[in-house]
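Q: File name structure-v8.cif; file contents mmCIF, C-alpha atoms; full text below.
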data_final
#
loop_
_atom_site.label_atom_id
_atom_site.label_comp_id
_atom_site.auth_asym_id
_atom_site.auth_seq_id
_atom_site.Cartn_x
_atom_site.Cartn_y
_atom_site.Cartn_z
CA MET A 49 -1.06 -72.38 81.60
CA ARG A 50 0.97 -69.70 83.35
CA LYS A 51 1.95 -68.20 79.99
CA ILE A 52 -1.69 -67.88 78.95
CA LEU A 53 -2.64 -66.33 82.30
CA PHE A 54 0.31 -63.89 82.06
CA ILE A 55 -0.64 -62.84 78.52
CA LEU A 56 -4.30 -62.36 79.50
CA VAL A 57 -3.44 -60.22 82.56
CA SER A 58 -0.94 -58.18 80.52
CA ALA A 59 -3.53 -57.50 77.80
CA ILE A 60 -6.10 -56.35 80.37
CA LEU A 61 -3.58 -54.02 82.04
CA LEU A 62 -2.49 -52.53 78.72
CA ALA A 63 -6.11 -51.96 77.69
CA ALA A 64 -6.89 -50.28 81.01
CA CYS A 65 -3.91 -47.92 80.65
CA GLY A 66 -5.04 -46.77 77.23
CA ILE A 67 -8.46 -45.40 78.32
CA GLU A 68 -8.69 -41.59 78.18
CA THR A 69 -11.48 -39.25 79.14
CA GLU A 70 -12.54 -36.14 77.29
CA GLU A 71 -14.36 -33.08 78.67
CA LYS A 72 -15.90 -30.30 76.63
CA ASP A 73 -16.80 -26.83 77.97
CA VAL A 74 -19.07 -24.61 75.90
CA ALA A 75 -20.28 -21.13 76.86
CA SER A 76 -22.28 -18.61 74.89
CA VAL A 77 -22.77 -14.90 75.45
CA ASP A 78 -24.84 -12.39 73.51
CA THR A 79 -23.05 -9.09 72.73
CA ASN A 80 -23.89 -6.38 70.20
CA ASP A 81 -26.68 -8.45 68.60
CA HIS A 82 -24.11 -11.10 67.58
CA GLU A 83 -23.69 -14.50 69.21
CA VAL A 84 -20.27 -15.10 70.75
CA ILE A 85 -19.35 -18.72 71.38
CA GLU A 86 -16.27 -19.90 73.24
CA GLU A 87 -15.27 -23.57 73.14
CA ASN A 88 -12.57 -25.27 75.18
CA ASP A 89 -11.62 -28.89 74.59
CA VAL A 90 -9.77 -30.44 77.54
CA GLU A 91 -8.07 -33.82 77.36
CA ASN A 92 -6.62 -34.89 80.75
CA ASN A 93 -4.83 -31.58 81.37
CA ASP A 94 -5.53 -28.09 82.62
CA GLU A 95 -4.61 -26.35 79.33
CA ALA A 96 -7.13 -26.16 76.53
CA PRO A 97 -5.51 -27.04 73.16
CA VAL A 98 -8.00 -24.99 71.11
CA GLU A 99 -9.88 -21.86 72.15
CA ASN A 100 -12.36 -20.37 69.68
CA GLU A 101 -14.20 -17.07 69.84
CA LYS A 102 -16.99 -16.90 67.27
CA ILE A 103 -19.28 -14.11 66.18
CA GLU A 104 -22.09 -15.48 64.03
CA MET A 105 -24.09 -13.06 61.90
CA GLU A 106 -25.74 -12.56 58.55
CA GLU A 107 -24.77 -9.21 57.05
CA THR A 108 -24.83 -8.40 53.34
CA LEU A 109 -21.45 -6.99 52.31
CA VAL A 110 -21.97 -6.71 48.54
CA ASP A 111 -25.09 -6.98 46.39
CA ARG A 112 -24.36 -6.31 42.73
CA ASP A 113 -25.73 -7.57 39.43
CA ASN A 114 -22.89 -10.10 39.07
CA PHE A 115 -22.25 -11.28 42.63
CA HIS A 116 -23.65 -11.25 46.16
CA VAL A 117 -21.53 -11.60 49.33
CA VAL A 118 -22.88 -12.20 52.85
CA LEU A 119 -20.72 -12.18 55.99
CA THR A 120 -21.75 -15.21 58.06
CA GLY A 121 -19.23 -15.11 60.88
CA VAL A 122 -15.89 -14.15 62.33
CA GLU A 123 -13.86 -16.59 64.40
CA LYS A 124 -10.58 -16.19 66.28
CA VAL A 125 -8.86 -19.54 66.72
CA ILE A 126 -6.07 -20.12 69.24
CA ASP A 127 -4.57 -23.59 68.83
CA LYS A 128 -2.11 -24.25 71.66
CA ASP A 129 -1.13 -27.69 70.33
CA TRP A 130 0.19 -26.17 67.08
CA ASP A 131 1.16 -22.85 68.74
CA GLU A 132 -0.81 -20.79 66.23
CA GLU A 133 -3.61 -18.30 66.19
CA TYR A 134 -5.60 -16.87 63.31
CA TYR A 135 -8.88 -15.25 62.30
CA GLU A 136 -11.39 -16.82 59.94
CA ILE A 137 -13.76 -14.43 58.17
CA LYS A 138 -16.58 -16.63 56.85
CA MET A 139 -18.69 -15.52 53.90
CA THR A 140 -21.19 -16.87 51.41
CA VAL A 141 -20.54 -15.81 47.79
CA GLN A 142 -23.17 -16.13 45.06
CA ASN A 143 -22.08 -16.00 41.41
CA LYS A 144 -24.85 -14.44 39.30
CA MET A 145 -22.77 -14.52 36.09
CA ALA A 146 -22.89 -16.92 33.14
CA GLN A 147 -19.25 -17.92 33.75
CA SER A 148 -17.04 -18.83 36.69
CA PHE A 149 -15.09 -16.14 38.51
CA GLU A 150 -12.25 -15.82 40.99
CA ILE A 151 -12.83 -13.75 44.14
CA GLN A 152 -9.91 -12.31 46.12
CA SER A 153 -9.25 -9.72 48.81
CA HIS A 154 -6.79 -6.82 48.50
CA GLU A 155 -5.72 -3.82 50.57
CA VAL A 156 -6.78 -5.42 53.87
CA SER A 157 -6.54 -3.37 57.07
CA ALA A 158 -7.55 -3.98 60.68
CA ASP A 159 -8.25 -0.91 62.81
CA ASP A 160 -6.66 1.28 60.11
CA VAL A 161 -3.38 -0.72 60.05
CA MET A 162 -2.51 -2.57 56.83
CA ILE A 163 -2.36 -6.38 57.23
CA ASP A 164 -2.59 -7.36 53.57
CA ASP A 165 0.47 -9.64 53.81
CA LEU A 166 -1.23 -11.70 56.57
CA VAL A 167 -4.35 -12.53 54.52
CA PHE A 168 -5.06 -15.67 52.52
CA PHE A 169 -8.16 -15.50 50.33
CA SER A 170 -8.69 -16.59 46.75
CA GLU A 171 -11.65 -18.74 45.73
CA THR A 172 -13.25 -19.85 42.48
CA VAL A 173 -17.05 -19.79 42.27
CA ALA A 174 -18.75 -21.56 39.36
CA SER A 175 -21.44 -19.91 37.25
CA GLY A 176 -24.81 -19.73 39.01
CA LYS A 177 -23.43 -21.33 42.19
CA THR A 178 -23.07 -20.26 45.81
CA ALA A 179 -19.92 -21.03 47.81
CA ASN A 180 -19.10 -20.90 51.50
CA VAL A 181 -15.64 -19.29 51.63
CA THR A 182 -13.17 -18.34 54.35
CA MET A 183 -10.69 -15.49 54.45
CA LYS A 184 -7.84 -16.45 56.80
CA ILE A 185 -5.70 -13.88 58.64
CA GLN A 186 -2.55 -15.38 60.16
CA ASN A 187 0.89 -14.06 61.11
CA TYR A 188 3.72 -16.59 60.79
CA ASP A 189 6.41 -14.05 61.76
CA GLY A 190 5.04 -12.62 65.01
CA ASP A 191 1.96 -11.81 67.00
CA LEU A 192 -1.48 -11.74 65.44
CA PRO A 193 -2.88 -8.21 65.48
CA GLU A 194 -6.03 -7.69 67.55
CA ILE A 195 -9.02 -6.62 65.50
CA GLN A 196 -10.97 -4.34 67.83
CA ASP A 197 -13.01 -1.87 65.78
CA ASN A 198 -13.08 -2.74 62.09
CA LEU A 199 -11.78 -4.78 59.20
CA GLU A 200 -11.58 -3.19 55.73
CA PHE A 201 -10.73 -4.75 52.38
CA ASP A 202 -11.43 -4.67 48.68
CA LEU A 203 -13.18 -7.68 47.18
CA SER A 204 -12.20 -8.27 43.56
CA ILE A 205 -13.89 -10.64 41.17
CA PHE A 206 -12.51 -11.44 37.77
CA THR A 207 -13.18 -14.02 35.08
CA LEU A 208 -10.46 -16.08 33.46
CA ASP A 209 -12.28 -16.66 30.17
CA GLU A 210 -13.56 -14.29 27.51
CA PRO A 211 -15.47 -12.08 27.77
CA TYR A 212 -13.22 -10.87 30.60
CA HIS A 213 -14.84 -9.22 33.55
CA ASP A 214 -13.20 -7.41 36.47
CA GLU A 215 -15.08 -5.79 39.34
CA LYS A 216 -14.03 -4.39 42.73
CA GLU A 217 -16.05 -3.53 45.84
CA HIS A 218 -14.77 -1.89 49.06
CA VAL A 219 -16.02 -3.55 52.25
CA LYS A 220 -15.88 -2.35 55.87
CA ILE A 221 -16.92 -4.57 58.78
CA ASN A 222 -17.45 -2.78 62.11
CA PHE A 223 -17.23 -4.75 65.34
#
In structure tokens, what does this structure look like?

A:
Amino acid sequence: MRKILFILVSAILLAACGIETEEKDVASVDTNDHEVIEENDVENNDEAPVENEKIEMEETLVDRDNFHVVLTGVEKVIDKDWDEEYYEIKMTVQNKMAQSFEIQSHEVSADDVMIDDLVFFSETVASGKTANVTMKIQNYDGDLPEIQDNLEFDLSIFTLDEPYHDEKEHVKINF
């Protein structure tokens, strides 16, 4: 009987020790006609593991016969758990062609400083489809540059099948 009572009390104590609480802080501010959202997730400590700054918008970047690109948001992510920070440039890409194409960014600069080697962006979009895509800017070798005034890059689309098609459009986003 004592063994059963001991096991029952031990199980209750272990279950009680495993309960955690979670708090979530969300604040929004309107600046420059764009919505800025900051989110902090706190789990039983004073440091927030992830801090996000978002600017949500809908701005046409490219509107050509073969493709249409709309900027839908810019987000700076600071993840303290993984000790990393990066930008996500979110876009919607519409393929108006009869065949799939690859879309990539080249010659990327932030505030007139080249950051092309920090950018990850290459997506395939099927014929007649629309895709939500993300250009990621991350520095693995040092500090992430602050993007204060503008972000410039060339968007290139090209097909992999005949008839081959290659098109480039210069884009500038002002903040």

Q: Given the choices A:Ile163, A:Ala146, A:Val181, A:Ala158, which gets closest to Asp209 in chain A if the distance is worked out from all atoms listed in the file?

A: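 Ranked by minimum distance to Asp209 in chain A, first place goes to A:Ala146.
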
Q: Do a neighbour search on Met183 in chain A at 12 Å with all atoms listed in the file, toss out local chain neighbours closer than 5 positions, and write the hits as a short mmCIF file (atom, residue, chain, number, x, y, z; two decimals) with C-alpha atoms, in the frame of the given file.

A:
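Printed below is selection-v8.cif as written:
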data_model
loop_
_atom_site.label_atom_id
_atom_site.label_comp_id
_atom_site.auth_asym_id
_atom_site.auth_seq_id
_atom_site.Cartn_x
_atom_site.Cartn_y
_atom_site.Cartn_z
CA LEU A 119 -20.72 -12.18 55.99
CA THR A 120 -21.75 -15.21 58.06
CA GLY A 121 -19.23 -15.11 60.88
CA VAL A 122 -15.89 -14.15 62.33
CA GLU A 123 -13.86 -16.59 64.40
CA LYS A 124 -10.58 -16.19 66.28
CA TYR A 134 -5.60 -16.87 63.31
CA TYR A 135 -8.88 -15.25 62.30
CA GLU A 136 -11.39 -16.82 59.94
CA ILE A 137 -13.76 -14.43 58.17
CA LYS A 138 -16.58 -16.63 56.85
CA MET A 139 -18.69 -15.52 53.90
CA THR A 140 -21.19 -16.87 51.41
CA VAL A 141 -20.54 -15.81 47.79
CA ILE A 151 -12.83 -13.75 44.14
CA GLN A 152 -9.91 -12.31 46.12
CA SER A 153 -9.25 -9.72 48.81
CA HIS A 154 -6.79 -6.82 48.50
CA VAL A 156 -6.78 -5.42 53.87
CA ASP A 164 -2.59 -7.36 53.57
CA LEU A 166 -1.23 -11.70 56.57
CA VAL A 167 -4.35 -12.53 54.52
CA PHE A 168 -5.06 -15.67 52.52
CA PHE A 169 -8.16 -15.50 50.33
CA SER A 170 -8.69 -16.59 46.75
CA GLU A 171 -11.65 -18.74 45.73
CA LEU A 199 -11.78 -4.78 59.20
CA PHE A 201 -10.73 -4.75 52.38
CA LEU A 203 -13.18 -7.68 47.18
#

Q: For CA of Thr207 in chain A and CA of Leu109 in chain A, quote the distance in Å rounded to one decimal.

A: 20.4 Å

Q: Could you jot down the CA of Lys177 in chain A to CA of Gln142 in chain A separation for me, Å, one decimal place?

A: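 Calculated distance between CA of Lys177 in chain A and CA of Gln142 in chain A is 5.9 Å.
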
Q: As an exercise, work out the distance from CA of Asp129 in chain A to CA of Ile103 in chain A in Å and give it to one decimal place.

A: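 Result for CA of Asp129 in chain A versus CA of Ile103 in chain A: 23.0 Å, one decimal.
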
Q: Any chance you could resolve the PyMOL selection byres ((chain A and resi 206) around 6) against this file and give the residues as a compact mmCIF listing (two decimals) with C-alpha atoms, in the frame of the given file?

A:
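Once written, expr_26.txt looks like this:
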# COMPACT_ATOMS: atom_id res chain seq x y z
CA PHE A 149 -15.09 -16.14 38.51
CA GLU A 150 -12.25 -15.82 40.99
CA ILE A 205 -13.89 -10.64 41.17
CA THR A 207 -13.18 -14.02 35.08
CA HIS A 213 -14.84 -9.22 33.55
CA ASP A 214 -13.20 -7.41 36.47

Q: Please evaluate the PyMOL selection byres ((chain A and resi 173) around 6) against the structure above and give the resulting residues as an mmCIF file with C-alpha atoms, keeping the file's coordinate frame.

A:
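Written file, expr-v6.cif:
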data_model
loop_
_atom_site.group_PDB
_atom_site.id
_atom_site.type_symbol
_atom_site.label_atom_id
_atom_site.label_comp_id
_atom_site.auth_asym_id
_atom_site.auth_seq_id
_atom_site.Cartn_x
_atom_site.Cartn_y
_atom_site.Cartn_z
ATOM 1 C CA SER A 148 -17.040 -18.830 36.690
ATOM 2 C CA PHE A 149 -15.090 -16.140 38.510
ATOM 3 C CA THR A 172 -13.250 -19.850 42.480
ATOM 4 C CA ALA A 174 -18.750 -21.560 39.360
#

Q: Counting all atoms listed in the file, note down every residue that has an atom within 12 Å of the point (2.8, -12.3, 62.4) (file coordinates), as a ChimeraX atom specification.

A: /A:132-134,163-167,185-194

Q: From the options A:Asp111, A:Asp131, A:Asp197, A:Asp160, which residue's atoms come nearest to Glu217 in chain A, counting only C-alpha atoms?

A: A:Asp111

Q: Can you turn the PyMOL selection byres ((chain A and resi 145) around 6) into a concrete residue list for this file, as an mmCIF file with C-alpha atoms, in the frame of the given file?

A:
data_model
loop_
_atom_site.group_PDB
_atom_site.id
_atom_site.type_symbol
_atom_site.label_atom_id
_atom_site.label_comp_id
_atom_site.auth_asym_id
_atom_site.auth_seq_id
_atom_site.Cartn_x
_atom_site.Cartn_y
_atom_site.Cartn_z
ATOM 1 C CA ASN A 114 -22.890 -10.100 39.070
ATOM 2 C CA ASN A 143 -22.080 -16.000 41.410
ATOM 3 C CA LYS A 144 -24.850 -14.440 39.300
ATOM 4 C CA ALA A 146 -22.890 -16.920 33.140
ATOM 5 C CA GLN A 147 -19.250 -17.920 33.750
ATOM 6 C CA SER A 175 -21.440 -19.910 37.250
#
